[in-house]
>>> print(open('input_33.cif').read())   # mmCIF, C-alpha atoms
data_model
#
loop_
_atom_site.label_atom_id
_atom_site.label_comp_id
_atom_site.auth_asym_id
_atom_site.auth_seq_id
_atom_site.Cartn_x
_atom_site.Cartn_y
_atom_site.Cartn_z
CA MET A 1 1.42 9.09 9.79
CA LEU A 2 -0.73 6.00 9.29
CA ASP A 3 -0.13 3.13 11.69
CA GLU A 4 1.32 -0.20 10.57
CA ALA A 5 -1.05 -2.65 12.20
CA THR A 6 -4.54 -1.41 11.28
CA PRO A 7 -5.85 -1.89 7.73
CA LEU A 8 -5.58 1.38 5.81
CA PHE A 9 -9.24 1.45 4.78
CA MET A 10 -10.22 1.44 8.47
CA GLN A 11 -7.79 4.25 9.19
CA ILE A 12 -9.23 6.31 6.34
CA ALA A 13 -12.77 5.68 7.65
CA GLU A 14 -11.60 6.67 11.14
CA ARG A 15 -10.18 9.96 9.89
CA VAL A 16 -13.39 10.89 8.13
CA SER A 17 -15.43 9.97 11.24
CA VAL A 18 -13.21 12.13 13.40
CA GLU A 19 -13.89 15.06 11.08
CA ILE A 20 -17.62 14.42 11.41
CA ALA A 21 -17.42 14.03 15.21
CA ASP A 22 -15.42 17.26 15.46
CA GLY A 23 -18.11 19.06 13.48
CA LEU A 24 -15.77 19.82 10.57
CA ARG A 25 -18.12 18.03 8.20
CA THR A 26 -21.72 18.71 9.06
CA GLU A 27 -24.77 16.65 8.29
CA GLY A 28 -25.93 16.91 4.71
CA GLN A 29 -22.51 18.13 3.61
CA ARG A 30 -20.69 16.31 0.84
CA ALA A 31 -18.18 13.68 1.94
CA PRO A 32 -14.72 13.72 0.35
CA SER A 33 -14.40 11.54 -2.75
CA SER A 34 -12.20 8.46 -2.76
CA ASN A 35 -9.79 10.25 -5.10
CA GLU A 36 -9.51 13.22 -2.75
CA LEU A 37 -8.82 10.93 0.19
CA ALA A 38 -6.35 8.87 -1.86
CA ILE A 39 -4.32 11.93 -2.74
CA ARG A 40 -4.54 13.48 0.72
CA TYR A 41 -3.44 10.35 2.59
CA ARG A 42 -1.29 8.89 -0.22
CA VAL A 43 -3.17 5.63 -0.49
CA ASN A 44 -4.64 3.68 -3.38
CA PRO A 45 -8.06 5.06 -4.42
CA ALA A 46 -9.59 1.58 -4.06
CA THR A 47 -8.48 1.55 -0.41
CA ALA A 48 -10.02 4.97 0.17
CA ALA A 49 -13.24 3.82 -1.52
CA LYS A 50 -13.34 0.82 0.80
CA GLY A 51 -13.05 3.20 3.76
CA LEU A 52 -15.97 5.27 2.49
CA ASN A 53 -18.05 2.11 1.98
CA LEU A 54 -17.41 1.17 5.59
CA LEU A 55 -18.89 4.53 6.65
CA ILE A 56 -21.91 3.87 4.43
CA ASP A 57 -22.36 0.45 6.07
CA GLN A 58 -22.19 2.16 9.46
CA GLY A 59 -24.86 4.61 8.31
CA LEU A 60 -22.60 7.62 8.81
CA LEU A 61 -22.54 8.50 5.13
CA GLU A 62 -25.28 8.11 2.56
CA LYS A 63 -24.99 7.69 -1.16
CA ARG A 64 -27.08 9.87 -3.38
CA ARG A 65 -27.23 8.28 -6.77
CA GLY A 66 -25.20 10.12 -9.36
CA ILE A 67 -24.18 12.96 -7.03
CA GLY A 68 -21.88 11.41 -4.44
CA MET A 69 -21.76 10.73 -0.73
CA PHE A 70 -23.04 12.93 2.04
CA VAL A 71 -22.86 12.99 5.82
CA ALA A 72 -26.00 11.23 7.08
CA ALA A 73 -28.48 12.83 9.48
CA GLY A 74 -27.62 12.05 13.11
CA ALA A 75 -24.08 10.93 12.17
CA ARG A 76 -22.33 13.25 14.61
CA GLU A 77 -24.58 12.37 17.54
CA ARG A 78 -24.07 8.64 16.92
CA LEU A 79 -20.31 9.08 16.74
CA LEU A 80 -20.31 10.99 20.02
CA VAL A 81 -22.39 8.30 21.76
CA ALA A 82 -20.09 5.58 20.41
CA GLY A 83 -17.09 7.67 21.43
CA ARG A 84 -18.36 7.93 25.02
CA LEU A 85 -18.85 4.17 25.20
CA ARG A 86 -15.35 3.61 23.85
CA PHE A 87 -13.98 6.15 26.30
CA GLY A 88 -15.59 4.21 29.16
CA ARG A 89 -14.07 0.93 28.07
CA LYS A 90 -10.68 2.29 27.18
CA TYR A 91 -10.03 4.73 30.03
CA VAL A 92 -12.60 4.55 32.82
CA GLU A 93 -12.70 0.80 33.22
CA PRO A 94 -8.92 0.33 33.64
CA MET A 95 -8.81 3.43 35.85
CA VAL A 96 -11.51 2.11 38.17
CA THR A 97 -9.84 -1.31 38.28
CA GLU A 98 -6.53 0.26 39.21
CA ALA A 99 -8.22 2.48 41.84
CA GLY A 100 -9.78 -0.65 43.40
CA ARG A 101 -6.37 -2.27 43.52
CA LEU A 102 -5.07 0.74 45.43
CA GLY A 103 -7.98 0.45 47.87
CA MET A 104 -9.62 3.71 46.84
CA SER A 105 -13.34 4.35 47.31
CA THR A 106 -15.55 5.75 44.55
CA ASP A 107 -15.76 9.04 46.50
CA GLU A 108 -11.99 9.34 46.59
CA LEU A 109 -11.82 8.57 42.89
CA VAL A 110 -14.49 11.17 42.08
CA ALA A 111 -12.66 13.75 44.21
CA LEU A 112 -9.50 13.02 42.28
CA ILE A 113 -11.30 13.36 38.94
CA LEU A 114 -12.83 16.68 40.03
CA GLU A 115 -9.39 17.89 41.07
CA PHE A 116 -7.80 17.02 37.72
CA GLY A 117 -10.89 18.12 35.78
CA GLY A 118 -10.78 21.49 37.52
CA ALA A 119 -7.09 21.82 36.66
CA VAL A 120 -7.88 21.61 32.93
CA GLY A 121 -11.08 23.68 33.21
CA LEU A 122 -13.60 20.86 32.72
CA PRO A 123 -17.04 21.94 34.04
CA ALA A 124 -18.05 20.01 37.21
CA SER A 125 -21.53 19.38 35.80
CA LYS A 126 -23.36 20.01 32.52
CA GLY A 127 -24.27 23.70 32.27
CA SER A 128 -21.96 24.83 35.07
CA VAL A 129 -18.82 26.67 34.15
CA THR A 130 -15.69 26.67 36.30
CA ALA A 131 -14.23 30.01 37.13
CA MET B 132 -14.19 -7.12 -13.89
CA THR B 133 -12.44 -8.64 -16.89
CA ALA B 134 -8.69 -8.92 -16.73
CA ALA B 135 -6.68 -6.44 -18.76
CA ILE B 136 -3.68 -8.75 -18.66
CA SER B 137 -4.03 -12.49 -18.47
CA VAL B 138 -0.93 -14.62 -17.96
CA SER B 139 -1.27 -18.37 -18.08
CA GLY B 140 1.34 -21.07 -17.47
CA LEU B 141 4.05 -18.67 -18.59
CA THR B 142 7.53 -20.16 -18.75
CA ARG B 143 10.70 -18.55 -20.01
CA ARG B 144 13.94 -20.45 -20.28
CA TYR B 145 17.38 -19.01 -20.94
CA GLY B 146 19.47 -22.07 -21.72
CA ARG B 147 19.32 -24.14 -18.56
CA GLN B 148 18.01 -21.31 -16.43
CA LEU B 149 14.29 -20.94 -15.78
CA ALA B 150 13.47 -17.24 -15.55
CA LEU B 151 9.73 -17.88 -15.30
CA ASN B 152 8.31 -21.17 -14.24
CA GLY B 153 4.63 -21.62 -15.07
CA VAL B 154 3.34 -18.22 -13.93
CA THR B 155 -0.43 -17.81 -13.96
CA VAL B 156 -1.77 -14.44 -12.89
CA ASP B 157 -4.37 -11.89 -14.04
CA PHE B 158 -4.31 -8.12 -13.67
CA GLU B 159 -7.56 -6.20 -13.52
CA GLY B 160 -8.57 -3.19 -15.56
CA ALA B 161 -8.04 -0.33 -13.11
CA SER B 162 -5.50 -1.35 -10.50
CA ILE B 163 -2.03 -0.63 -9.19
CA THR B 164 -0.17 -3.86 -8.49
CA GLY B 165 3.26 -4.12 -6.92
CA LEU B 166 5.39 -6.74 -8.62
CA LEU B 167 7.91 -7.56 -5.92
CA GLY B 168 10.80 -9.91 -5.45
CA ARG B 169 14.57 -10.12 -5.42
CA ASN B 170 16.84 -9.29 -8.32
CA GLY B 171 16.66 -12.06 -10.88
CA ALA B 172 13.33 -13.36 -9.52
CA GLY B 173 11.67 -12.97 -12.92
CA LYS B 174 9.84 -9.62 -12.59
CA THR B 175 11.53 -7.95 -15.54
CA THR B 176 11.12 -11.01 -17.75
CA LEU B 177 7.41 -11.09 -16.95
CA MET B 178 7.01 -7.41 -17.83
CA ARG B 179 9.07 -7.79 -21.01
CA ILE B 180 6.86 -10.62 -22.23
CA ILE B 181 3.68 -8.69 -21.37
CA ALA B 182 5.09 -5.72 -23.28
CA GLY B 183 5.80 -7.90 -26.30
CA HIS B 184 9.56 -7.39 -26.05
CA GLU B 185 10.28 -11.03 -25.58
CA LEU B 186 8.97 -14.48 -26.49
CA ALA B 187 7.60 -16.99 -24.04
CA SER B 188 9.07 -20.49 -24.01
CA ALA B 189 5.68 -21.88 -23.05
CA GLY B 190 2.33 -20.61 -21.87
CA SER B 191 0.52 -17.47 -22.97
CA VAL B 192 0.06 -13.77 -22.32
CA ARG B 193 -3.05 -11.92 -23.44
CA VAL B 194 -3.48 -8.18 -23.15
CA PHE B 195 -7.09 -7.12 -23.76
CA GLY B 196 -7.55 -10.62 -25.14
CA ALA B 197 -4.79 -10.37 -27.75
CA GLU B 198 -1.25 -11.63 -28.13
CA PRO B 199 1.13 -8.66 -27.62
CA LEU B 200 4.06 -9.84 -29.73
CA GLU B 201 4.37 -7.79 -32.94
CA ASN B 202 0.86 -6.43 -32.40
CA SER B 203 1.50 -2.75 -33.06
CA ALA B 204 -2.07 -1.63 -32.36
CA LEU B 205 -1.84 -3.26 -28.94
CA LEU B 206 1.67 -1.98 -28.21
CA ARG B 207 0.39 1.60 -28.52
CA ARG B 208 -1.95 0.89 -25.62
CA MET B 209 0.99 -0.14 -23.41
CA VAL B 210 3.93 1.76 -22.03
CA PHE B 211 6.91 -0.08 -20.56
CA ILE B 212 9.59 1.79 -18.69
CA ARG B 213 12.57 -0.01 -17.27
CA GLU B 214 15.63 0.88 -15.32
CA ASN B 215 18.53 2.08 -17.47
CA GLN B 216 16.41 2.26 -20.55
CA ILE B 217 18.64 2.62 -23.61
CA TYR B 218 17.63 5.45 -25.89
CA PRO B 219 19.23 6.07 -29.28
CA GLU B 220 21.37 9.20 -29.84
CA PHE B 221 18.52 11.37 -28.67
CA LYS B 222 18.00 14.54 -26.77
CA VAL B 223 15.30 14.62 -24.10
CA ARG B 224 12.91 16.54 -26.33
CA HIS B 225 13.36 14.04 -29.16
CA ALA B 226 12.38 11.20 -26.87
CA ILE B 227 9.33 13.18 -25.76
CA ARG B 228 8.37 13.99 -29.34
CA THR B 229 8.75 10.38 -30.47
CA ALA B 230 6.59 9.20 -27.58
CA SER B 231 3.95 11.81 -28.45
CA TRP B 232 3.68 10.31 -31.95
CA PHE B 233 3.48 6.78 -30.69
CA TYR B 234 0.91 6.92 -27.89
CA PRO B 235 -2.64 7.81 -28.91
CA ASN B 236 -3.61 9.17 -25.46
CA TRP B 237 -0.42 11.23 -25.08
CA CYS B 238 -0.91 14.40 -23.05
CA GLY B 239 1.63 17.01 -24.18
CA GLU B 240 0.64 19.47 -21.48
CA LEU B 241 1.23 16.89 -18.76
CA ALA B 242 4.61 16.01 -20.29
CA GLU B 243 5.66 19.68 -20.15
CA THR B 244 4.56 19.98 -16.53
CA LEU B 245 6.38 16.81 -15.56
CA LEU B 246 9.60 17.82 -17.33
CA GLU B 247 9.57 20.95 -15.21
CA GLU B 248 8.66 19.10 -12.03
CA PHE B 249 11.72 16.91 -12.45
CA ASP B 250 13.99 19.71 -13.73
CA LEU B 251 14.82 17.82 -16.90
CA PRO B 252 16.88 19.79 -19.43
CA THR B 253 15.11 19.15 -22.75
CA ASP B 254 18.17 20.01 -24.82
CA ARG B 255 20.49 17.58 -23.15
CA ALA B 256 21.49 14.31 -24.83
CA ILE B 257 19.95 11.40 -22.98
CA LYS B 258 23.34 9.68 -22.84
CA LYS B 259 24.56 12.58 -20.72
CA LEU B 260 21.76 12.42 -18.16
CA SER B 261 22.48 11.06 -14.70
CA HIS B 262 20.91 7.77 -13.66
CA GLY B 263 18.23 9.60 -11.68
CA MET B 264 17.45 11.97 -14.57
CA ARG B 265 17.05 9.02 -16.93
CA SER B 266 14.61 7.47 -14.47
CA ALA B 267 12.74 10.79 -14.30
CA LEU B 268 12.50 10.86 -18.10
CA GLY B 269 11.04 7.36 -18.00
CA ILE B 270 8.48 8.53 -15.46
CA VAL B 271 7.51 11.54 -17.59
CA ILE B 272 6.97 9.36 -20.65
CA SER B 273 5.13 6.62 -18.79
CA LEU B 274 2.67 9.00 -17.14
CA ALA B 275 2.12 11.34 -20.10
CA ALA B 276 1.44 8.32 -22.36
CA ARG B 277 -1.73 7.65 -20.35
CA ALA B 278 -1.52 4.13 -21.71
CA GLU B 279 -4.14 1.65 -20.59
CA VAL B 280 -1.37 -0.70 -19.49
CA THR B 281 1.51 0.99 -17.69
CA LEU B 282 4.48 -1.23 -16.85
CA LEU B 283 7.01 0.39 -14.55
CA ASP B 284 10.15 -1.61 -13.83
CA GLU B 285 12.18 0.09 -11.08
CA PRO B 286 10.97 3.53 -12.21
CA ASN B 287 12.31 5.25 -9.09
CA SER B 288 15.83 3.89 -9.24
CA GLY B 289 18.50 6.54 -8.79
CA LEU B 290 15.97 9.19 -7.74
CA ASP B 291 16.52 11.02 -4.47
CA ALA B 292 13.91 10.90 -1.72
CA VAL B 293 12.27 14.18 -2.76
CA ALA B 294 11.94 13.14 -6.40
CA ARG B 295 10.63 9.74 -5.39
CA ARG B 296 7.93 11.29 -3.22
CA ARG B 297 7.04 13.55 -6.14
CA PHE B 298 6.75 10.52 -8.40
CA TYR B 299 4.42 8.69 -5.98
CA ASP B 300 2.16 11.73 -5.70
CA LEU B 301 2.08 12.23 -9.47
CA LEU B 302 1.37 8.56 -10.10
CA LEU B 303 -1.51 8.66 -7.63
CA ARG B 304 -2.96 11.85 -9.08
CA GLU B 305 -2.71 10.62 -12.64
CA TYR B 306 -4.13 7.24 -11.72
CA ALA B 307 -7.04 8.81 -9.81
CA GLU B 308 -7.90 10.96 -12.79
CA TYR B 309 -7.19 8.39 -15.53
CA PRO B 310 -7.40 4.92 -14.02
CA ARG B 311 -5.31 2.31 -15.84
CA THR B 312 -3.60 -1.03 -15.23
CA VAL B 313 -0.33 -0.28 -13.49
CA LEU B 314 2.33 -2.87 -12.72
CA LEU B 315 5.09 -1.46 -10.58
CA SER B 316 8.26 -3.22 -9.57
CA THR B 317 10.55 -1.64 -7.00
CA HIS B 318 12.95 -2.49 -4.23
CA LEU B 319 11.63 0.36 -2.11
CA VAL B 320 8.62 -1.68 -1.09
CA ASP B 321 7.67 0.25 2.02
CA GLU B 322 7.65 3.55 0.18
CA VAL B 323 5.04 2.35 -2.29
CA ALA B 324 3.13 -0.06 -0.02
CA ASP B 325 0.19 2.31 0.56
CA LEU B 326 -0.17 3.06 -3.15
CA LEU B 327 -0.65 -0.57 -4.04
CA GLU B 328 -3.98 -2.25 -4.26
CA ARG B 329 -2.41 -5.64 -4.70
CA VAL B 330 0.93 -7.31 -4.17
CA VAL B 331 2.36 -10.12 -6.29
CA VAL B 332 5.67 -11.54 -5.07
CA ILE B 333 7.76 -13.52 -7.52
CA ASP B 334 10.63 -15.77 -6.51
CA HIS B 335 12.63 -18.23 -8.60
CA GLY B 336 10.26 -17.58 -11.48
CA CYS B 337 7.11 -18.48 -9.50
CA VAL B 338 4.37 -16.42 -7.89
CA VAL B 339 4.83 -17.06 -4.16
CA LEU B 340 2.38 -14.50 -2.79
CA ASP B 341 -0.61 -12.78 -4.37
CA ALA B 342 -2.76 -10.71 -2.02
CA CYS B 343 -4.63 -7.49 -1.51
CA SER B 344 -2.05 -5.14 -0.03
CA ASP B 345 -4.33 -3.82 2.71
CA ASP B 346 -5.27 -7.37 3.76
CA LEU B 347 -1.61 -8.08 4.52
CA ARG B 348 -1.29 -5.14 6.83
CA GLY B 349 -0.83 -6.16 10.44
CA THR B 350 -0.76 -9.88 9.64
CA ALA B 351 2.82 -10.45 10.83
CA THR B 352 4.27 -9.25 14.11
CA ARG B 353 7.70 -9.65 15.62
CA VAL B 354 7.40 -10.70 19.26
CA SER B 355 10.43 -10.38 21.51
CA GLY B 356 11.21 -10.73 25.17
CA ARG B 357 12.37 -13.39 27.62
CA PRO B 358 12.48 -16.80 25.89
CA LEU B 359 9.96 -18.52 28.22
CA ASP B 360 7.46 -15.69 27.90
CA VAL B 361 7.85 -15.53 24.13
CA GLU B 362 7.30 -19.29 23.86
CA GLU B 363 4.18 -19.07 26.01
CA PHE B 364 2.76 -16.34 23.79
CA VAL B 365 3.74 -17.98 20.52
CA ALA B 366 2.50 -21.51 21.35
CA GLY B 367 -0.12 -22.66 18.86
CA ARG B 368 0.46 -19.76 16.48
CA LEU B 369 2.01 -19.76 13.04
CA SER B 370 5.58 -18.61 13.62
CA TRP B 371 8.89 -18.31 11.82
CA GLY B 372 12.18 -16.41 11.80
CA ARG B 373 13.09 -17.40 15.36
CA ALA B 374 16.23 -15.83 16.84
CA THR B 375 17.19 -16.98 20.33
CA SER B 376 19.90 -16.16 22.80
CA ARG B 377 20.04 -17.22 26.44
CA SER B 378 18.09 -14.25 27.78
CA HIS B 379 16.26 -12.98 24.73
CA GLU B 380 14.12 -14.44 22.01
CA SER B 381 12.47 -12.92 19.00
CA VAL B 382 10.07 -14.59 16.61
CA VAL B 383 7.59 -13.53 13.94
CA VAL B 384 3.97 -14.64 14.41
CA GLY B 385 1.41 -14.71 11.64
CA GLY B 386 -2.20 -13.55 11.95
CA VAL B 387 -3.76 -10.35 13.24
CA LEU B 388 -3.31 -9.76 16.97
CA ASP B 389 -6.44 -8.64 18.81
CA ASP B 390 -6.75 -6.48 21.93
CA ALA B 391 -6.64 -9.52 24.21
CA ASP B 392 -3.39 -10.66 22.57
CA ARG B 393 -1.88 -7.22 23.04
CA LEU B 394 -2.93 -7.08 26.68
CA TRP B 395 -1.47 -10.51 27.32
CA ALA B 396 1.78 -9.51 25.59
CA ARG B 397 1.98 -6.46 27.83
CA GLU B 398 1.51 -8.62 30.93
CA LEU B 399 4.35 -10.84 29.74
CA HIS B 400 6.49 -7.72 29.09
CA LEU B 401 6.85 -8.65 25.44
CA ASP B 402 7.71 -6.19 22.77
CA LEU B 403 5.42 -6.29 19.70
CA ARG B 404 6.39 -4.77 16.39
CA THR B 405 4.26 -5.04 13.27
CA LEU B 406 6.19 -6.09 10.18
CA SER B 407 6.13 -3.78 7.19
CA LEU B 408 5.29 -5.09 3.74
CA GLN B 409 8.97 -5.18 2.83
CA GLU B 410 9.86 -7.23 5.93
CA MET B 411 6.98 -9.57 5.19
CA MET B 412 8.20 -10.02 1.64
CA VAL B 413 11.69 -10.87 2.86
CA HIS B 414 10.24 -13.56 5.15
CA VAL B 415 8.08 -15.01 2.36
CA VAL B 416 11.06 -15.14 0.01
CA ASP B 417 13.34 -16.64 2.68
CA GLN B 418 10.78 -19.33 3.30
CA THR B 419 10.42 -20.23 -0.38
CA THR B 420 14.20 -20.13 -0.85
CA GLU B 421 14.52 -22.71 1.93
CA ASP B 422 11.81 -24.87 0.36
CA TYR B 423 13.44 -24.46 -3.03
CA ALA B 424 16.84 -25.50 -1.69
CA ARG B 425 15.27 -28.53 -0.02
CA GLU B 426 13.51 -29.58 -3.24
CA THR B 427 16.63 -29.06 -5.34
CA VAL B 428 18.64 -31.27 -2.98
CA ALA B 429 15.94 -33.95 -2.83
#
>>> encode(input="input_33.cif", output="structure tokens")
Amino acid sequence: MLDEATPLFMQIAERVSVEIADGLRTEGQRAPSSNELAIRYRVNPATAAKGLNLLIDQGLLEKRRGIGMFVAAGARERLLVAGRLRFGRKYVEPMVTEAGRLGMSTDELVALILEFGGAVGLPASKGSVTA
Amino acid sequence: MTAAISVSGLTRRYGRQLALNGVTVDFEGASITGLLGRNGAGKTTLMRIIAGHELASAGSVRVFGAEPLENSALLRRMVFIRENQIYPEFKVRHAIRTASWFYPNWCGELAETLLEEFDLPTDRAIKKLSHGMRSALGIVISLAARAEVTLLDEPNSGLDAVARRRFYDLLLREYAEYPRTVLLSTHLVDEVADLLERVVVIDHGCVVLDACSDDLRGTATRVSGRPLDVEEFVAGRLSWGRATSRSHESVVVGGVLDDADRLWARELHLDLRTLSLQEMMVHVVDQTTEDYARETVA
């Protein structure tokens, strides 16, 4: 379930961020404790705690003294912005490079994206809904 | 954090054989450490001396600052479970009862739950238990003791995969609720890798690797492909375990590979596979065995 190459504490942090990005843990809500995460993902509690500390360093969680950790204000929005940037680097950049290699124009590429987007029901622009 | 267990220059000799050769290592208060190595590497001897079951030939062991040997107050704060533990002519429930008298933090309720979890017949004579059932009994006692120092020597031996998984989950739950100093030796390294905070590998009586378990993750990768491409990729990197044929080569490289490395490997059509903790341990031990052989010859 967990991958072999990435440090476990980063994978734990990633899982908690995904839950925040997906809106499963909303802002101001309590974050899972290191013991909960340790038992859920079968890792050492110290590793889980390190993952939570990473999220605190990133400002996605905040510590309230004596009570625990909570999802910070604006955490979801920041994760979505970072996710879009990562999406650009990971998918769009190699796609555009490959399209250039095939001699495609931006218009042709956009047409292709609209075609595939339409096939999975992605709206063509914000606010518009495909039939 | 102060060390719960402090081992310094520990040597144990059996006649001409050196079971432990100047081991110096500390174990922190709340931690789960994997004590790994081959059979006969010295893991059991180390645990036996920590548990006060055996004398050191030289060097010292301190548990909470005190010498464990014949220190009955200290021994009640430690539980030591080993493979094929020999119990007197006891039934399971006698062993449980005796343990409940001995350990001050004993949790009877937990013991009952665990006996059920592992389907242990309390009326059966321990001699008549299977290997796996004896291991399960050891696990029940070691967890229910809630001892500040918990020494587990091959606790999962003879257990089937389901029972082993159950043990890992129970250990984690218990540890999360009542943190303690756990030393765990096992041959099933990859099964316990994620539970460990730290890894100490012993070989020929010496500590050959001591690291945070999560820091080791992803630090060794097997690279394979066409020999020329592999050599190009590997050049300038720490590498070992090379296996070459005319058209194929495979070698382990040390260090974390970044995205650029992975991209380059893809361009060279190389296959990358991250080594598991167990595979890493085998390489470390192989390396020290080679060094050891060289020194012995020299």
>>> interface_residues(input="input_33.cif", of="chain A", to="chain B", cutoff="10 Å", atoms="only C-alpha atoms", output="count of residues only")
22
>>> atom_distance(input="input_33.cif", atom1="atom CA of B:Pro199", atom2="atom CA of B:Thr155")
16.5 Å
>>> resolve_selection(input="input_33.cif", expression="the PyMOL selection byres ((chain B and resi 197) around 12)", output="PyMOL selection string")
chain B and resi 134-138+181-183+191-196+198-206+208
>>> resolve_selection(input="input_33.cif", expression="the PyMOL selection byres ((chain A and resi 30) around 9)", output="list in words")
Arg25, Thr26, Glu27, Gly28, Gln29, Ala31, Pro32, Ser33, Gly68, Met69, Phe70 and Val71 of chain A
>>> atom_distance(input="input_33.cif", atom1="atom CA of B:Gln418", atom2="atom CA of B:Leu401")
24.9 Å
>>> atom_distance(input="input_33.cif", atom1="atom CA of B:Arg311", atom2="atom CA of B:Arg179")
18.3 Å
>>> residues_around(input="input_33.cif", residues="B:Glu363", least_positions_apart="4", cutoff="10 Å", atoms="only C-alpha atoms", output="list in words")
Pro358, Leu359, Gly367, Ala396 and Leu399 of chain B
